[in-house]
$ cat input-v8.cif   # mmCIF, C-alpha atoms and all ligand atoms
data_entry
#
loop_
_atom_site.label_atom_id
_atom_site.label_comp_id
_atom_site.auth_asym_id
_atom_site.auth_seq_id
_atom_site.Cartn_x
_atom_site.Cartn_y
_atom_site.Cartn_z
CA MET M 1 16.51 -14.87 9.35
CA THR M 2 15.95 -18.55 9.95
CA LEU M 3 15.48 -20.98 7.12
CA THR M 4 12.84 -23.41 8.25
CA ARG M 5 11.39 -26.29 6.31
CA SER M 6 8.67 -27.08 8.82
CA LEU M 7 7.13 -25.00 11.57
CA ILE M 8 3.96 -24.78 13.58
CA VAL M 9 2.37 -21.49 14.53
CA ARG M 10 0.91 -22.54 17.85
CA GLY M 11 -2.22 -21.43 19.66
CA GLY M 12 -3.05 -18.09 18.04
CA ARG M 13 -6.45 -16.73 17.07
CA VAL M 14 -6.46 -17.53 13.36
CA ILE M 15 -8.43 -15.02 11.30
CA ASP M 16 -8.64 -15.89 7.61
CA PRO M 17 -11.31 -13.65 6.07
CA ALA M 18 -11.32 -15.57 2.77
CA SER M 19 -12.63 -18.72 4.46
CA GLY M 20 -14.44 -17.08 7.37
CA VAL M 21 -12.21 -18.89 9.89
CA ASP M 22 -11.92 -17.13 13.27
CA ALA M 23 -10.76 -19.68 15.85
CA VAL M 24 -7.85 -20.62 18.07
CA LEU M 25 -5.90 -23.06 15.90
CA ASP M 26 -2.40 -24.20 15.01
CA VAL M 27 -1.03 -23.64 11.50
CA ARG M 28 1.46 -26.09 10.04
CA VAL M 29 3.90 -24.79 7.44
CA VAL M 30 5.92 -27.16 5.28
CA ASP M 31 8.32 -26.11 2.55
CA GLY M 32 7.01 -22.59 2.31
CA ARG M 33 3.34 -23.47 2.06
CA ILE M 34 0.41 -23.82 4.44
CA ALA M 35 0.10 -27.56 5.07
CA GLU M 36 -2.61 -27.91 7.71
CA LEU M 37 -4.82 -25.98 10.14
CA GLY M 38 -6.10 -27.70 13.25
CA ALA M 39 -6.33 -27.81 17.00
CA GLU M 40 -3.18 -28.93 18.83
CA LEU M 41 -1.27 -30.30 15.87
CA SER M 42 1.50 -32.77 16.69
CA SER M 43 4.85 -31.07 16.39
CA GLY M 44 7.46 -33.76 15.71
CA THR M 45 10.62 -31.98 14.60
CA ALA M 46 8.85 -28.80 13.53
CA GLU M 47 9.96 -25.48 14.96
CA ILE M 48 7.26 -24.00 17.20
CA VAL M 49 6.27 -20.36 16.87
CA ASP M 50 4.24 -19.45 19.94
CA ALA M 51 1.28 -17.29 18.93
CA ALA M 52 -0.68 -17.45 22.20
CA GLY M 53 -2.52 -14.17 22.72
CA LEU M 54 -1.85 -13.06 19.14
CA VAL M 55 -3.96 -12.90 16.00
CA VAL M 56 -2.66 -15.07 13.16
CA SER M 57 -3.47 -13.41 9.84
CA PRO M 58 -2.42 -13.98 6.24
CA GLY M 59 0.61 -11.79 5.50
CA PHE M 60 -0.35 -8.32 4.34
CA ILE M 61 -0.27 -7.33 0.67
CA ASP M 62 0.57 -3.76 -0.34
CA LEU M 63 -0.39 -2.68 -3.86
CA HIS M 64 1.51 0.59 -3.64
CA VAL M 65 5.09 0.99 -2.42
CA HIS M 66 7.98 3.19 -3.59
CA LEU M 67 11.30 1.38 -3.24
CA ARG M 68 13.56 4.01 -4.89
CA GLU M 69 15.85 1.42 -6.48
CA PRO M 70 17.24 1.96 -9.05
CA GLY M 71 18.40 5.53 -8.70
CA GLN M 72 17.68 6.85 -5.22
CA GLU M 73 19.11 4.17 -2.98
CA HIS M 74 19.89 6.73 -0.27
CA LYS M 75 16.12 6.96 0.30
CA GLU M 76 15.38 3.21 0.20
CA THR M 77 16.63 0.06 -1.47
CA ILE M 78 14.65 -2.98 -2.48
CA ALA M 79 16.27 -4.82 0.45
CA SER M 80 15.62 -2.10 3.06
CA GLY M 81 12.07 -1.62 1.81
CA ALA M 82 11.48 -5.37 2.05
CA ARG M 83 12.82 -5.39 5.63
CA ALA M 84 10.45 -2.54 6.47
CA ALA M 85 7.63 -4.50 4.87
CA ALA M 86 8.43 -7.59 6.95
CA ARG M 87 8.46 -5.51 10.10
CA GLY M 88 5.08 -4.06 9.12
CA GLY M 89 3.50 -7.50 8.57
CA PHE M 90 3.66 -7.27 4.76
CA THR M 91 4.74 -10.32 2.80
CA THR M 92 3.96 -9.03 -0.69
CA ILE M 93 4.59 -5.49 -1.92
CA CYS M 94 4.08 -4.00 -5.37
CA ALA M 95 6.83 -1.62 -6.44
CA MET M 96 5.88 1.59 -8.24
CA PRO M 97 7.91 2.46 -11.36
CA ASN M 98 8.86 6.06 -10.51
CA THR M 99 12.47 5.02 -10.04
CA GLU M 100 15.46 6.53 -11.90
CA PRO M 101 15.37 5.31 -14.59
CA ALA M 102 11.66 4.58 -14.55
CA MET M 103 10.58 0.96 -14.86
CA ASP M 104 9.43 1.48 -18.43
CA THR M 105 11.12 -1.43 -20.27
CA ALA M 106 11.31 -5.17 -19.79
CA ALA M 107 15.00 -4.76 -18.94
CA THR M 108 14.39 -2.41 -16.01
CA ILE M 109 11.63 -4.67 -14.72
CA ASP M 110 13.96 -7.68 -15.06
CA ALA M 111 16.61 -5.86 -13.04
CA VAL M 112 14.20 -5.13 -10.19
CA VAL M 113 12.90 -8.71 -10.17
CA LEU M 114 16.49 -9.96 -9.99
CA ARG M 115 17.42 -7.60 -7.14
CA ALA M 116 14.28 -8.65 -5.25
CA ARG M 117 15.01 -12.36 -5.39
CA ASP M 118 16.46 -12.88 -1.94
CA VAL M 119 14.88 -10.07 0.07
CA ASP M 120 12.51 -10.40 3.04
CA CYS M 121 9.22 -10.37 1.15
CA ARG M 122 7.78 -10.93 -2.30
CA VAL M 123 8.26 -7.87 -4.53
CA LEU M 124 6.02 -7.56 -7.57
CA PRO M 125 6.90 -4.87 -10.10
CA ILE M 126 4.55 -2.30 -11.61
CA GLY M 127 5.50 -1.00 -15.06
CA ALA M 128 5.19 2.57 -16.31
CA VAL M 129 2.43 3.53 -18.73
CA THR M 130 4.58 6.04 -20.64
CA MET M 131 8.30 6.21 -21.35
CA GLY M 132 10.09 7.94 -18.50
CA ARG M 133 6.60 8.59 -17.05
CA LYS M 134 6.65 11.72 -19.15
CA GLY M 135 3.17 11.20 -20.54
CA HIS M 136 4.04 11.34 -24.25
CA GLU M 137 4.94 7.91 -25.58
CA MET M 138 3.34 4.66 -24.45
CA THR M 139 5.56 1.86 -23.13
CA GLU M 140 5.49 -1.65 -24.61
CA LEU M 141 2.78 -2.81 -22.26
CA ALA M 142 2.83 -6.46 -23.36
CA ALA M 143 6.59 -6.68 -22.82
CA LEU M 144 6.21 -5.23 -19.31
CA ARG M 145 3.55 -7.78 -18.49
CA ASP M 146 5.69 -10.62 -19.85
CA ALA M 147 8.57 -9.42 -17.65
CA GLY M 148 6.31 -9.74 -14.59
CA ALA M 149 4.52 -6.41 -14.19
CA VAL M 150 1.27 -6.95 -12.27
CA ALA M 151 -0.13 -3.51 -13.18
CA VAL M 152 0.96 -0.34 -14.95
CA SER M 153 1.04 3.18 -13.55
CA ASP M 154 2.66 6.57 -14.01
CA ASP M 155 2.14 7.16 -10.27
CA GLY M 156 3.47 10.45 -9.06
CA ASP M 157 1.55 11.80 -12.03
CA ALA M 158 -1.67 10.91 -13.79
CA VAL M 159 -1.67 9.79 -17.39
CA SER M 160 -3.04 13.23 -18.13
CA ASP M 161 -3.09 13.08 -21.94
CA ASN M 162 -6.57 11.82 -22.83
CA ALA M 163 -5.48 10.24 -26.11
CA ILE M 164 -2.72 8.21 -24.47
CA ALA M 165 -5.01 7.22 -21.62
CA ARG M 166 -7.61 6.00 -24.08
CA ARG M 167 -5.05 3.98 -26.05
CA ALA M 168 -3.52 2.50 -22.90
CA PHE M 169 -6.89 1.31 -21.64
CA GLU M 170 -7.63 -0.28 -25.02
CA TYR M 171 -4.34 -2.22 -25.00
CA LEU M 172 -4.69 -3.18 -21.34
CA ALA M 173 -8.10 -4.74 -21.94
CA ASP M 174 -6.40 -7.40 -24.08
CA LEU M 175 -3.50 -7.81 -21.67
CA ASP M 176 -5.72 -8.20 -18.61
CA LEU M 177 -3.64 -5.71 -16.60
CA PRO M 178 -5.04 -2.94 -14.42
CA LEU M 179 -4.14 0.70 -14.98
CA ALA M 180 -3.29 2.00 -11.51
CA GLU M 181 -3.95 5.68 -11.84
CA HIS M 182 -2.61 8.55 -9.77
CA CYS M 183 -5.84 10.54 -9.94
CA GLU M 184 -4.78 14.16 -10.18
CA ASP M 185 -5.69 16.42 -13.08
CA PRO M 186 -2.68 18.76 -13.26
CA ALA M 187 -4.73 21.44 -15.00
CA ILE M 188 -6.90 21.57 -11.88
CA SER M 189 -4.37 20.88 -9.12
CA GLN M 190 -2.10 23.63 -10.53
CA GLY M 191 0.89 22.67 -8.45
CA GLY M 192 -1.05 22.78 -5.17
CA VAL M 193 1.02 21.58 -2.23
CA MET M 194 -1.80 20.65 0.14
CA HIS M 195 -5.58 20.25 0.17
CA ASP M 196 -7.38 23.37 -1.05
CA GLY M 197 -9.48 24.50 1.89
CA ALA M 198 -9.58 26.42 5.14
CA VAL M 199 -6.13 25.29 6.27
CA SER M 200 -4.35 26.11 3.01
CA ALA M 201 -5.98 29.54 3.11
CA ARG M 202 -4.78 30.13 6.69
CA LEU M 203 -1.24 28.96 5.89
CA GLY M 204 -1.08 30.84 2.62
CA LEU M 205 -0.22 27.70 0.67
CA ARG M 206 -1.38 26.82 -2.83
CA GLY M 207 -4.24 24.32 -2.58
CA GLN M 208 -5.09 21.27 -4.63
CA PRO M 209 -8.90 20.96 -4.87
CA ALA M 210 -10.84 17.71 -4.54
CA ALA M 211 -12.03 18.28 -8.10
CA ALA M 212 -8.53 17.44 -9.40
CA GLU M 213 -9.04 13.87 -8.16
CA LEU M 214 -12.64 13.57 -9.32
CA SER M 215 -11.80 14.76 -12.82
CA ILE M 216 -9.40 11.89 -13.56
CA VAL M 217 -11.56 9.34 -11.73
CA GLN M 218 -14.54 10.24 -13.92
CA ARG M 219 -12.47 10.17 -17.11
CA ASP M 220 -10.97 6.78 -16.25
CA ILE M 221 -14.34 5.30 -15.33
CA ALA M 222 -15.54 6.34 -18.77
CA LEU M 223 -12.44 4.84 -20.44
CA ALA M 224 -12.71 1.62 -18.43
CA GLU M 225 -16.31 1.30 -19.49
CA ALA M 226 -15.51 1.98 -23.14
CA SER M 227 -12.51 -0.38 -23.28
CA GLY M 228 -13.46 -3.15 -20.85
CA ALA M 229 -10.11 -2.71 -19.05
CA GLN M 230 -9.65 -2.31 -15.31
CA PHE M 231 -9.25 1.15 -13.81
CA HIS M 232 -7.67 1.04 -10.37
CA GLY M 233 -7.76 4.31 -8.44
CA CYS M 234 -4.59 4.72 -6.37
CA HIS M 235 -4.78 6.38 -2.93
CA ILE M 236 -8.31 7.73 -3.31
CA SER M 237 -8.77 10.55 -0.83
CA THR M 238 -12.05 12.37 -1.42
CA GLU M 239 -15.71 11.70 -0.75
CA ALA M 240 -16.73 12.74 -4.27
CA ALA M 241 -14.29 10.34 -5.96
CA LEU M 242 -15.42 7.50 -3.70
CA GLU M 243 -19.04 8.18 -4.66
CA ALA M 244 -18.14 7.99 -8.36
CA ILE M 245 -16.27 4.72 -7.77
CA ALA M 246 -19.13 3.23 -5.76
CA ASP M 247 -21.52 4.12 -8.56
CA ALA M 248 -19.27 2.60 -11.25
CA ARG M 249 -18.90 -0.62 -9.25
CA ALA M 250 -22.64 -0.81 -8.71
CA ARG M 251 -22.95 -0.67 -12.50
CA GLY M 252 -20.66 -3.70 -12.74
CA LEU M 253 -17.64 -1.92 -14.25
CA GLN M 254 -14.06 -3.11 -13.73
CA VAL M 255 -13.29 -0.34 -11.28
CA THR M 256 -11.27 -0.86 -8.10
CA ALA M 257 -9.53 1.40 -5.62
CA GLU M 258 -7.23 1.59 -2.65
CA VAL M 259 -7.06 3.96 0.34
CA THR M 260 -4.00 4.68 2.45
CA PRO M 261 -3.70 4.52 6.24
CA HIS M 262 -2.89 8.25 6.33
CA HIS M 263 -6.02 9.23 4.42
CA LEU M 264 -8.03 7.04 6.80
CA PHE M 265 -6.62 8.74 9.86
CA LEU M 266 -5.19 12.24 9.39
CA SER M 267 -6.73 15.49 8.15
CA HIS M 268 -5.21 18.60 6.59
CA ASP M 269 -5.40 20.24 10.04
CA ILE M 270 -2.14 18.58 11.05
CA VAL M 271 -0.18 20.46 8.39
CA ALA M 272 -0.71 23.54 10.59
CA GLY M 273 0.04 21.66 13.82
CA ASP M 274 -2.13 21.80 16.91
CA GLY M 275 -0.47 24.58 18.90
CA GLU M 276 -0.59 28.39 18.78
CA GLU M 277 2.17 28.65 16.24
CA LEU M 278 1.66 27.50 12.67
CA LEU M 279 3.79 24.45 12.03
CA TYR M 280 3.97 23.88 8.24
CA ASP M 281 4.75 20.20 8.89
CA THR M 282 6.49 18.93 5.76
CA ASN M 283 6.13 15.35 7.02
CA ALA M 284 2.39 15.83 6.44
CA LYS M 285 3.02 16.87 2.82
CA VAL M 286 1.79 14.06 0.63
CA ASN M 287 0.13 13.67 -2.73
CA PRO M 288 -2.84 13.32 -2.80
CA PRO M 289 -2.94 15.64 0.19
CA LEU M 290 -4.51 14.97 3.57
CA ARG M 291 -8.11 16.12 3.27
CA THR M 292 -11.09 17.01 5.50
CA ASP M 293 -12.79 15.08 8.31
CA ALA M 294 -15.70 14.33 5.95
CA ASP M 295 -13.26 12.81 3.45
CA ILE M 296 -11.67 10.68 6.17
CA GLU M 297 -15.10 9.41 7.17
CA ALA M 298 -15.92 8.62 3.53
CA CYS M 299 -12.66 6.64 3.17
CA VAL M 300 -13.38 4.59 6.31
CA GLU M 301 -16.96 3.95 5.23
CA ALA M 302 -15.94 2.92 1.70
CA LEU M 303 -13.44 0.49 3.18
CA ALA M 304 -15.94 -0.98 5.64
CA ALA M 305 -18.57 -1.31 2.90
CA GLY M 306 -16.12 -3.00 0.50
CA VAL M 307 -16.39 -0.25 -2.13
CA VAL M 308 -12.64 -0.12 -1.57
CA GLU M 309 -11.17 -3.56 -1.03
CA ALA M 310 -7.53 -2.65 -0.42
CA VAL M 311 -5.56 -0.62 2.06
CA ALA M 312 -2.27 0.36 0.37
CA THR M 313 0.41 2.37 2.12
CA ASP M 314 1.85 4.50 -0.72
CA HIS M 315 5.07 4.02 1.27
CA ALA M 316 7.12 7.00 0.03
CA PRO M 317 10.44 7.16 1.86
CA HIS M 318 12.46 10.36 1.58
CA ALA M 319 15.75 11.58 3.03
CA ALA M 320 15.77 14.20 5.80
CA VAL M 321 17.04 16.88 3.40
CA ASP M 322 13.97 16.40 1.20
CA LYS M 323 11.71 17.36 4.12
CA CYS M 324 13.91 19.78 6.06
CA CYS M 325 13.08 22.81 3.93
CA GLU M 326 10.28 25.21 3.04
CA PHE M 327 6.86 23.55 2.62
CA ASP M 328 6.67 24.50 -1.05
CA ARG M 329 9.99 22.85 -1.82
CA ALA M 330 9.59 19.70 0.30
CA ALA M 331 9.04 16.31 -1.35
CA PHE M 332 5.58 14.74 -1.25
CA GLY M 333 5.33 11.47 0.66
CA ILE M 334 4.93 9.53 3.89
CA SER M 335 6.94 6.46 4.88
CA GLY M 336 4.15 4.05 5.70
CA LEU M 337 5.00 0.35 5.84
CA GLU M 338 5.81 0.23 9.54
CA SER M 339 2.86 2.26 10.81
CA ALA M 340 0.12 0.75 8.65
CA TRP M 341 -1.04 -1.90 11.09
CA PRO M 342 -1.02 0.39 14.16
CA VAL M 343 -3.13 2.93 12.23
CA VAL M 344 -5.62 0.42 10.83
CA ASN M 345 -5.88 -1.45 14.12
CA THR M 346 -6.44 1.82 15.98
CA LEU M 347 -9.50 2.36 13.76
CA VAL M 348 -10.61 -1.12 14.82
CA SER M 349 -10.05 -0.28 18.49
CA GLN M 350 -12.19 2.84 17.98
CA GLY M 351 -15.03 0.68 16.65
CA ARG M 352 -14.87 2.19 13.17
CA LEU M 353 -13.85 -1.00 11.36
CA ARG M 354 -14.30 -4.64 12.32
CA LEU M 355 -11.12 -6.65 12.89
CA ALA M 356 -11.88 -9.26 10.22
CA GLU M 357 -12.73 -6.47 7.74
CA ALA M 358 -9.48 -4.69 8.47
CA ILE M 359 -7.51 -7.89 7.91
CA ALA M 360 -9.44 -8.66 4.72
CA ARG M 361 -8.56 -5.25 3.26
CA LEU M 362 -4.88 -5.90 3.92
CA THR M 363 -4.82 -9.48 2.58
CA VAL M 364 -7.37 -11.16 0.35
CA GLY M 365 -8.83 -7.80 -0.74
CA PRO M 366 -5.68 -6.54 -2.46
CA ALA M 367 -4.84 -10.04 -3.77
CA ARG M 368 -8.16 -10.22 -5.60
CA THR M 369 -8.18 -6.56 -6.61
CA TRP M 370 -5.26 -7.27 -8.96
CA ASN M 371 -5.74 -11.04 -9.41
CA LEU M 372 -2.42 -11.71 -7.73
CA ASP M 373 -3.62 -15.09 -6.42
CA THR M 374 -2.86 -17.14 -9.52
CA GLY M 375 -0.19 -19.59 -10.71
CA ASP M 376 2.38 -20.29 -8.01
CA ARG M 377 0.72 -17.55 -5.97
CA LEU M 378 -2.55 -19.46 -5.79
CA GLY M 379 -4.16 -18.77 -2.43
CA LEU M 380 -2.18 -15.55 -1.86
CA GLY M 381 -3.85 -13.47 0.83
CA THR M 382 -5.39 -16.50 2.53
CA LEU M 383 -4.39 -19.28 4.92
CA ALA M 384 -5.82 -22.00 2.68
CA VAL M 385 -3.95 -25.29 2.57
CA GLY M 386 -1.48 -25.07 -0.32
CA ALA M 387 -1.26 -21.26 -0.21
CA PRO M 388 2.14 -19.60 0.20
CA ALA M 389 3.04 -19.59 3.93
CA ASP M 390 2.82 -15.82 4.31
CA ILE M 391 1.68 -15.09 7.84
CA ALA M 392 1.51 -12.08 10.15
CA LEU M 393 1.25 -12.40 13.93
CA LEU M 394 -0.58 -9.38 15.27
CA ALA M 395 -0.97 -7.87 18.71
CA THR M 396 -4.29 -6.05 18.68
CA ASP M 397 -4.29 -4.55 22.19
CA ALA M 398 -0.67 -3.43 22.50
CA PRO M 399 -0.17 0.31 22.98
CA VAL M 400 2.58 1.66 20.72
CA LYS M 401 4.26 5.00 20.36
CA ILE M 402 5.32 5.56 16.77
CA ASP M 403 9.08 6.05 16.59
CA PRO M 404 10.50 6.04 13.04
CA GLU M 405 14.05 5.94 14.42
CA LEU M 406 13.35 2.28 15.26
CA TRP M 407 12.18 1.47 11.74
CA GLU M 408 13.94 -0.62 9.14
CA SER M 409 12.92 1.79 6.39
CA LYS M 410 15.45 4.46 5.54
CA GLY M 411 12.51 6.86 5.28
CA LYS M 412 11.80 8.35 8.70
CA ASN M 413 9.32 10.82 7.20
CA THR M 414 6.05 10.42 9.03
CA PRO M 415 3.67 12.90 10.62
CA LEU M 416 2.76 10.13 13.09
CA ALA M 417 6.06 10.28 15.03
CA GLY M 418 5.29 10.40 18.73
CA ARG M 419 1.65 9.36 18.30
CA GLU M 420 0.26 6.77 20.68
CA LEU M 421 -1.65 4.12 18.76
CA VAL M 422 -2.85 0.58 19.41
CA GLY M 423 -1.46 -2.51 17.66
CA ALA M 424 1.85 -4.09 16.78
CA VAL M 425 3.19 -6.70 14.38
CA ALA M 426 4.69 -9.38 16.62
CA ALA M 427 6.21 -11.55 13.90
CA THR M 428 6.12 -12.12 10.15
CA ILE M 429 6.62 -15.30 8.17
CA SER M 430 7.33 -14.97 4.46
CA GLN M 431 7.11 -18.10 2.30
CA GLY M 432 7.77 -20.20 5.38
CA ARG M 433 10.70 -18.10 6.63
CA ILE M 434 10.59 -16.04 9.84
CA VAL M 435 11.60 -12.62 8.55
CA TRP M 436 10.64 -10.52 11.56
CA ASP M 437 10.29 -11.60 15.19
CA GLY M 438 9.54 -8.96 17.78
CA ARG M 439 7.82 -11.24 20.27
CA GLU M 440 8.71 -11.05 23.91
CA PRO M 441 11.20 -13.81 24.75
CA ALA M 442 9.38 -16.67 26.54
O1 LIG F 1 3.22 11.63 -1.83
C1 LIG F 1 3.59 11.04 -2.83
N1 LIG F 1 4.85 10.54 -2.94
N2 LIG F 1 2.74 10.92 -3.86
C2 LIG F 1 3.13 10.44 -5.04
O2 LIG F 1 2.31 10.37 -5.92
C3 LIG F 1 4.53 10.03 -5.28
C4 LIG F 1 5.19 9.68 -4.01
C5 LIG F 1 6.69 9.56 -4.13
O3 LIG F 1 7.17 8.87 -5.03
O4 LIG F 1 7.39 10.11 -3.28
ZN ZN F 2 2.59 6.50 -4.91
#
$ encode --input "input-v8.cif" --output "structure tokens" --more "lines below"
Ligand code: DOR
Ligand code: ZN
Amino acid sequence: MTLTRSLIVRGGRVIDPASGVDAVLDVRVVDGRIAELGAELSSGTAEIVDAAGLVVSPGFIDLHVHLREPGQEHKETIASGARAAARGGFTTICAMPNTEPAMDTAATIDAVVLRARDVDCRVLPIGAVTMGRKGHEMTELAALRDAGAVAVSDDGDAVSDNAIARRAFEYLADLDLPLAEHCEDPAISQGGVMHDGAVSARLGLRGQPAAAELSIVQRDIALAEASGAQFHGCHISTEAALEAIADARARGLQVTAEVTPHHLFLSHDIVAGDGEELLYDTNAKVNPPLRTDADIEACVEALAAGVVEAVATDHAPHAAVDKCCEFDRAAFGISGLESAWPVVNTLVSQGRLRLAEAIARLTVGPARTWNLDTGDRLGLGTLAVGAPADIALLATDAPVKIDPELWESKGKNTPLAGRELVGAVAATISQGRIVWDGREPA
């Protein structure tokens, strides 16, 4: 890590979707903020970061990350998660509250904010909706917001009690905070461990039907409409739920959503593997589960059309022992921060997303989805003069083979290990500091 007061990112292709800029330019950074964009800026004493041949993007923003601290530091810590973020091009990550204890009081939020002060990216906390995420007693939502929570969520579980969900939406309307919902109706999913379909039938595994997602999405759209609060659908994975969200947005409701790289790229087929023998790949066990090809297509289309404005990783690091067991008993989750750009950029290389769209959904899209670009974060997700100097340098043509053993994250759990994709994060600058540099030496 180098502490730099002034640097110039030289000669890259600057893509800033918020302003429509797509040109070879230099970017001057002074005291942690973007100071100037222009051709061939004079350098003086500034450190030069050579970006020739690279795309210069705003740093990525992830609305959905599990950092496991406090309570499960063997899986990830705030510091290790932030290093993984930096390596993945992320400069802002939002930390889900399903820690131990859960982030359900101002004090637990304070503790996370304190621990996150000197790590390699900005960490914004998400508070729990109910005490201990147990679904019975609402948290003090205003106190969580005052402590810095940028959203509330019981992620891992839905707020399944309708009465509590209704009350939470009513309070959140006044507080101007989104409810980030894990959309799974437990009465419908019934403990299913993968998508309910042809593959679960073949493997003899309990399935979780698409209707479990749609049920909560429809309820929350109704509650958002009734209360005027914002419903944010976490990791939306099915065509039917995306249709409901598109319809609600077309009606002008405060409804937003995110999709994950894995739901944009992988289907339930990979749980069974691609050989003769059935694999039962626990690294492909995730909640919501990997779905069908039609669902994948719907996720990509919703992202391209802007129905979904944010890609979020749902980075869910687990220890080897949590995955090295029977499928039924394995933990849900995929470690995602360090493969997000290769996956999304591979979709670009396949012509399924445009490059500027892909970058928008990782930067200004999430910033605006949760109004993160206010106060001293004004301009977050953009390269506007005065914005925080959060910058990712991206290689868009580089072939990469995914190898989690090289990752900073403690979570090596990914079904993408060994896959050949296209795209790498060459360097990351967080608030003016170079926090990751993987560029070839000159
Ligand atoms: O796959 C998942 N993992 N889905 C969740 O909702 C929770 C997460 C976790 O915390 O591991
Ligand atoms: Zn999650």
$ residues_around --input "input-v8.cif" --residues "segment 258-266 of chain M" --least-positions-apart "3" --cutoff "7 Å" --atoms "only C-alpha atoms" --output "VMD selection string"
chain M and resid 233 to 237 290 296 299 to 300 308 to 314 340 343 to 344
$ atom_distance --input "input-v8.cif" --atom1 "atom CA of Val364 of chain M" --atom2 "atom CA of Pro58 of chain M"
8.2 Å
$ residues_near_ligand --input "input-v8.cif" --ligand "ligand LIG 1 (chain F)" --cutoff "9 Å" --atoms "all atoms listed in the file" --output "ChimeraX atom specification"
/M:65-68,96,98-99,154-158,182,234-235,285-289,314-318,331-335
$ atom_distance --input "input-v8.cif" --atom1 "atom CA of Leu416 of chain M" --atom2 "atom CA of Thr369 of chain M"
28.0 Å
$ residues_around --input "input-v8.cif" --residues "Asp437 of chain M" --least-positions-apart "5" --cutoff "9 Å" --atoms "all atoms listed in the file" --output "PyMOL selection string"
chain M and resi 87+425-429
$ atom_distance --input "input-v8.cif" --atom1 "atom CA of Arg219 of chain M" --atom2 "atom CA of Ala201 of chain M"
28.7 Å
$ closest_residue --input "input-v8.cif" --among "M:Ser409, M:Ser349, M:Ser153, M:Thr282" --to "ligand ZN 2 (chain F)" --atoms "all atoms listed in the file"
M:Ser153
$ closest_residue --input "input-v8.cif" --among "M:Arg361, M:Arg145, M:Arg167, M:Arg83" --to "Ile434 of chain M" --atoms "all atoms listed in the file"
M:Arg83
$ closest_residue --input "input-v8.cif" --among "M:Gly81, M:Gly38, M:Gly44, M:Gly336" --to "ligand ZN 2 (chain F)" --atoms "only C-alpha atoms and all ligand atoms"
M:Gly336
$ closest_residue --input "input-v8.cif" --among "M:Ala367, M:Ala210, M:Val217, M:Val113" --to "Val159 of chain M" --atoms "all atoms listed in the file"
M:Val217
$ closest_residue --input "input-v8.cif" --among "M:Ala51, M:Ile216, M:Ala111, M:Cys94" --to "ligand ZN 2 (chain F)" --atoms "all atoms listed in the file"
M:Cys94
$ residues_around --input "input-v8.cif" --residues "Val129 of chain M" --least-positions-apart "3" --cutoff "12 Å" --atoms "only C-alpha atoms" --output "PyMOL selection string"
chain M and resi 96-98+102-105+126+132-145+149+151-161+164-169+171-172+177-182
$ residues_near_point --input "input-v8.cif" --point "(-8.9, -7.2, 11.0)" --cutoff "9 Å" --atoms "all atoms listed in the file" --output "MDAnalysis selection string"
chainID M and resid 15 17 57 344:345 348 353:362
$ closest_residue --input "input-v8.cif" --among "M:Asp403, M:Glu338, M:Glu170, M:Glu184" --to "ligand ZN 2 (chain F)" --atoms "only C-alpha atoms and all ligand atoms"
M:Glu184
$ residues_near_point --input "input-v8.cif" --point "(-18.6, 2.7, -11.7)" --cutoff "10 Å" --atoms "all atoms listed in the file" --output "JSON, numbers by chain"
{"M": [217, 218, 220, 221, 222, 224, 225, 231, 242, 243, 244, 245, 246, 247, 248, 249, 250, 251, 252, 253, 254, 255, 256]}
$ closest_atom_pairs --input "input-v8.cif" --of "segment 275-388 of chain M" --to "segment 28-35 of chain M" --cutoff "9 Å" --atoms "all atoms listed in the file" --output "CSV"
residue,atom,partner,partner_atom,distance
M:Leu383,CA,M:Ile34,CA,6.6
M:Ala384,CA,M:Ile34,CA,6.7
M:Val385,CA,M:Ile34,CA,5.0
M:Gly386,CA,M:Ile34,CA,5.3
M:Ala387,CA,M:Ile34,CA,5.6
M:Pro388,CA,M:Arg33,CA,4.5
